[in-house]
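K.L.:
Before I ask anything, here is the structure I am working with.
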Amino acid sequence: MLLRFAVSPLWETVAALRALTAPGRPPVHRRWAAWAEPRLADLGPDPSLLTGLATMPVVPEFLIPTPDVRSLDMDTALHGLPEVARPERVAAALPDDPRAGPLLDDRAGALPAVLDRLRRVYDAVVAPVWPRLEGLLQGDIERRGRTLVDRGGRAVLDGLPGDVGWHPDGAEVRGRPVVAGERDLVLVPSAFTWPDAYLRDGPCRLALCYPAHGFGSLWDRPAAPARDGLAQLVGPTRARLLVALGRPGTVSELAARLGITVGAVSQHLGVLRAAGLAVGRREGRHLVSLRTDLGSALVERATGG
């Protein structure tokens with residue numbers, strides 16, 4: 001069994017939609033929901049099957065396929081969804097469910113409508129806050145990745161929130177052992193999953209989605225002290241770099257934005273990563289850096305936004 005991590009904007013979009021439509025919304029999401037609800041309402045009634053599928057007690061596996069890489073963008077996720085949502089997987093996920101009918105009988109019409117609605121929901125309520133969300137999720141991965149290196153997979157699984165623990169053949173979820181076999185076990189942090197972790201049992205890999213570390217304070221906006229506080233804390237150049245990391249970028253892109261050398265950016269990024277204020281993700285041959293939630297909190301305290 002290979003234990004790895006992944007971040008998915010598709011998963012977060014479905015989870016965000018569930019959070020907005022759930023009758024007992026967690027208090028931690030009220031600030032975001034107050035902003036997101038009117039934006040979702042502006043889209044109008046859902047003409048597709050998306051809302052019905054996303055709000056089922058168990059979201060169908062074909063709607064939120066487990067990523068095969070650590071990070072992917074929404075375009076890539078949506079592009080790959082038709083290959084996953086094949087008729088046989090739809091029928092297996094929704095046996096004897098009338099909601100499967102359109103996806104089986106009129107797939108050419110029903111599936112594009114679901115994809116279009118997913119894109120619209122993402123653009124409305126997730127994309128504007130995605131840099132902040134991704135910083136939280138990637139920061140969680142960095143934190144647990146260090147645990148994996150230092151103490152092994154058992155310590156990672158035993159440290160997850162929810163009723164989750166290590167099992168010799170995979171994981172234990174709510175007292176039930178789950179055998180991974182030859183499949184990967186992919187840990188997927190989420191800002192909208194609370195209070196439990198849940199398992200997605202797919203044919204190629206298992207996915208365990210759990211509340212990301214620090215999600216409870218994600219939408220807090222503390223009062224800002226003096227604007228030069230950040231520079232006093234981390235130094236003027238690192239402060240500028242940390243502000244710039246609100247928009248993810250490569251070392252060369254960041255150097256161009258700040259007007260400093262690539263070597264200086266690399267050196268300062270190393271310090272910020274070691275302090276847990278920034279993380280890097282691989283996109284093809286490029287390493288893209290962004291702020292963690294802790295880094296965003298420091299910037300917001302210093303700038304008031």
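A note on labels: chains of the structure tokens are A, B, ... as shown, every chain counts residues from 1, and ligands are counted from 1 in their shown order.
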Could you please write out, as a PyMOL selection string, every residue of stretch 231-261 of chain A that DSSP assigns to helix (DSSP H, G or I)?

P.N.:
chain A and resi 231-234+236-244+251-258

K.L.:
Output C-alpha atoms of each residue in that selection to a file, as a compact mmCIF listing (two decimals), in the first residue's frame.

P.N.:
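As a result, out_24.txt now contains:
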```
# COMPACT_ATOMS: atom_id res chain seq x y z
CA ALA A 231 8.11 43.41 7.96
CA GLN A 232 9.28 43.69 11.56
CA LEU A 233 8.49 40.04 12.10
CA VAL A 234 9.93 38.39 8.96
CA PRO A 236 10.92 43.56 4.53
CA THR A 237 11.75 41.33 1.55
CA ARG A 238 10.14 38.24 3.03
CA ALA A 239 7.10 40.32 3.93
CA ARG A 240 6.75 41.44 0.31
CA LEU A 241 7.23 37.87 -0.85
CA LEU A 242 4.63 36.56 1.58
CA VAL A 243 2.11 39.12 0.31
CA ALA A 244 2.92 38.18 -3.30
CA VAL A 251 10.44 31.32 -8.47
CA SER A 252 11.02 33.21 -11.71
CA GLU A 253 7.50 34.67 -11.70
CA LEU A 254 7.89 35.83 -8.11
CA ALA A 255 11.31 37.32 -8.87
CA ALA A 256 9.80 39.30 -11.75
CA ARG A 257 6.92 40.54 -9.60
CA LEU A 258 9.21 41.69 -6.79
```

K.L.:
Separation of atom CA of A:Val69 and atom CA of A:Tyr122, in Å?

P.N.:
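Between atom CA of A:Val69 and atom CA of A:Tyr122 the gap works out to 20.1 Å.
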
K.L.:
Residues near stretch 193-196 of chain A, anyone? I mean within 9 Å using only C-alpha atoms, not counting same-chain ones fewer than 3 positions away, as a PyMOL selection string.

P.N.:
chain A and resi 12+15-16+19+26+161-164+189-190+209-212

K.L.:
Skipping near chain neighbours, those fewer than 6 positions away, what residues fall within 12 Å of A:Leu2 using only C-alpha atoms, listed as a ChimeraX atom specification?

P.N.:
/A:68,148,152-153,169-171,180-187,204-207

K.L.:
Residues as selected, N, CA and C atoms, written as an mmCIF file, in the first residue's frame, can you do that?

P.N.:
```cif
data_model
loop_
_atom_site.group_PDB
_atom_site.id
_atom_site.type_symbol
_atom_site.label_atom_id
_atom_site.label_comp_id
_atom_site.auth_asym_id
_atom_site.auth_seq_id
_atom_site.Cartn_x
_atom_site.Cartn_y
_atom_site.Cartn_z
ATOM 1 N N ASP A 68 -4.951 11.319 -9.078
ATOM 2 C CA ASP A 68 -3.772 10.452 -9.176
ATOM 3 C C ASP A 68 -2.477 11.241 -9.027
ATOM 4 N N LEU A 148 4.930 11.816 8.270
ATOM 5 C CA LEU A 148 5.165 10.589 7.511
ATOM 6 C C LEU A 148 6.653 10.284 7.408
ATOM 7 N N GLY A 152 6.411 7.770 10.186
ATOM 8 C CA GLY A 152 5.785 6.702 9.422
ATOM 9 C C GLY A 152 4.283 6.850 9.260
ATOM 10 N N GLY A 153 3.725 5.960 8.399
ATOM 11 C CA GLY A 153 2.320 6.032 8.051
ATOM 12 C C GLY A 153 1.380 5.797 9.217
ATOM 13 N N ASP A 169 -3.505 -3.687 7.259
ATOM 14 C CA ASP A 169 -3.817 -3.878 5.841
ATOM 15 C C ASP A 169 -4.317 -2.616 5.160
ATOM 16 N N GLY A 170 -4.322 -1.496 5.865
ATOM 17 C CA GLY A 170 -4.805 -0.263 5.259
ATOM 18 C C GLY A 170 -5.118 0.771 6.308
ATOM 19 N N ALA A 171 -6.403 0.918 6.632
ATOM 20 C CA ALA A 171 -6.835 1.894 7.626
ATOM 21 C C ALA A 171 -8.053 1.348 8.351
ATOM 22 N N ALA A 180 -6.542 -2.114 1.795
ATOM 23 C CA ALA A 180 -6.123 -1.403 0.585
ATOM 24 C C ALA A 180 -5.635 -2.356 -0.490
ATOM 25 N N GLY A 181 -5.008 -3.446 -0.100
ATOM 26 C CA GLY A 181 -4.445 -4.358 -1.082
ATOM 27 C C GLY A 181 -3.344 -3.678 -1.881
ATOM 28 N N GLU A 182 -3.464 -3.754 -3.217
ATOM 29 C CA GLU A 182 -2.464 -3.133 -4.084
ATOM 30 C C GLU A 182 -2.799 -1.673 -4.393
ATOM 31 N N ARG A 183 -3.905 -1.213 -3.891
ATOM 32 C CA ARG A 183 -4.319 0.160 -4.193
ATOM 33 C C ARG A 183 -3.585 1.182 -3.328
ATOM 34 N N ASP A 184 -3.458 2.416 -3.849
ATOM 35 C CA ASP A 184 -2.954 3.528 -3.056
ATOM 36 C C ASP A 184 -4.007 3.918 -2.020
ATOM 37 N N LEU A 185 -3.546 4.405 -0.879
ATOM 38 C CA LEU A 185 -4.422 5.059 0.080
ATOM 39 C C LEU A 185 -4.092 6.545 0.020
ATOM 40 N N VAL A 186 -5.039 7.332 -0.496
ATOM 41 C CA VAL A 186 -4.813 8.756 -0.740
ATOM 42 C C VAL A 186 -5.528 9.565 0.337
ATOM 43 N N LEU A 187 -4.784 10.388 1.051
ATOM 44 C CA LEU A 187 -5.341 11.245 2.091
ATOM 45 C C LEU A 187 -5.657 12.609 1.480
ATOM 46 N N CYS A 204 -9.347 1.747 -8.220
ATOM 47 C CA CYS A 204 -7.901 1.909 -8.379
ATOM 48 C C CYS A 204 -7.216 2.394 -7.107
ATOM 49 N N ARG A 205 -7.937 3.132 -6.295
ATOM 50 C CA ARG A 205 -7.326 3.701 -5.090
ATOM 51 C C ARG A 205 -8.400 4.006 -4.058
ATOM 52 N N LEU A 206 -7.970 3.982 -2.813
ATOM 53 C CA LEU A 206 -8.819 4.406 -1.709
ATOM 54 C C LEU A 206 -8.532 5.872 -1.401
ATOM 55 N N ALA A 207 -9.557 6.609 -1.040
ATOM 56 C CA ALA A 207 -9.351 7.998 -0.661
ATOM 57 C C ALA A 207 -9.987 8.232 0.697
#
```

K.L.:
Distance atom CA of A:Ser296-atom CA of A:Ala278, one decimal place?

P.N.:
9.1 Å

K.L.:
Near A:Phe62, within 7 Å and counting only C-alpha atoms, which residues show up once chain neighbours fewer than 6 positions away are dropped, as a ChimeraX atom specification?

P.N.:
/A:84-85,89-90

K.L.:
Just to confirm, what's the straight-line distance from atom CA of A:Arg132 to atom CA of A:Trp35 in Å (one decimal)?

P.N.:
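Calculated distance between atom CA of A:Arg132 and atom CA of A:Trp35 is 15.0 Å.
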
K.L.:
Find, counting only C-alpha atoms, the residue in A:Leu287, A:Leu208, A:Ala297, A:Leu63 that gets nearest to A:Leu230.

P.N.:
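Under the stated criterion, the closest residue is A:Ala297.
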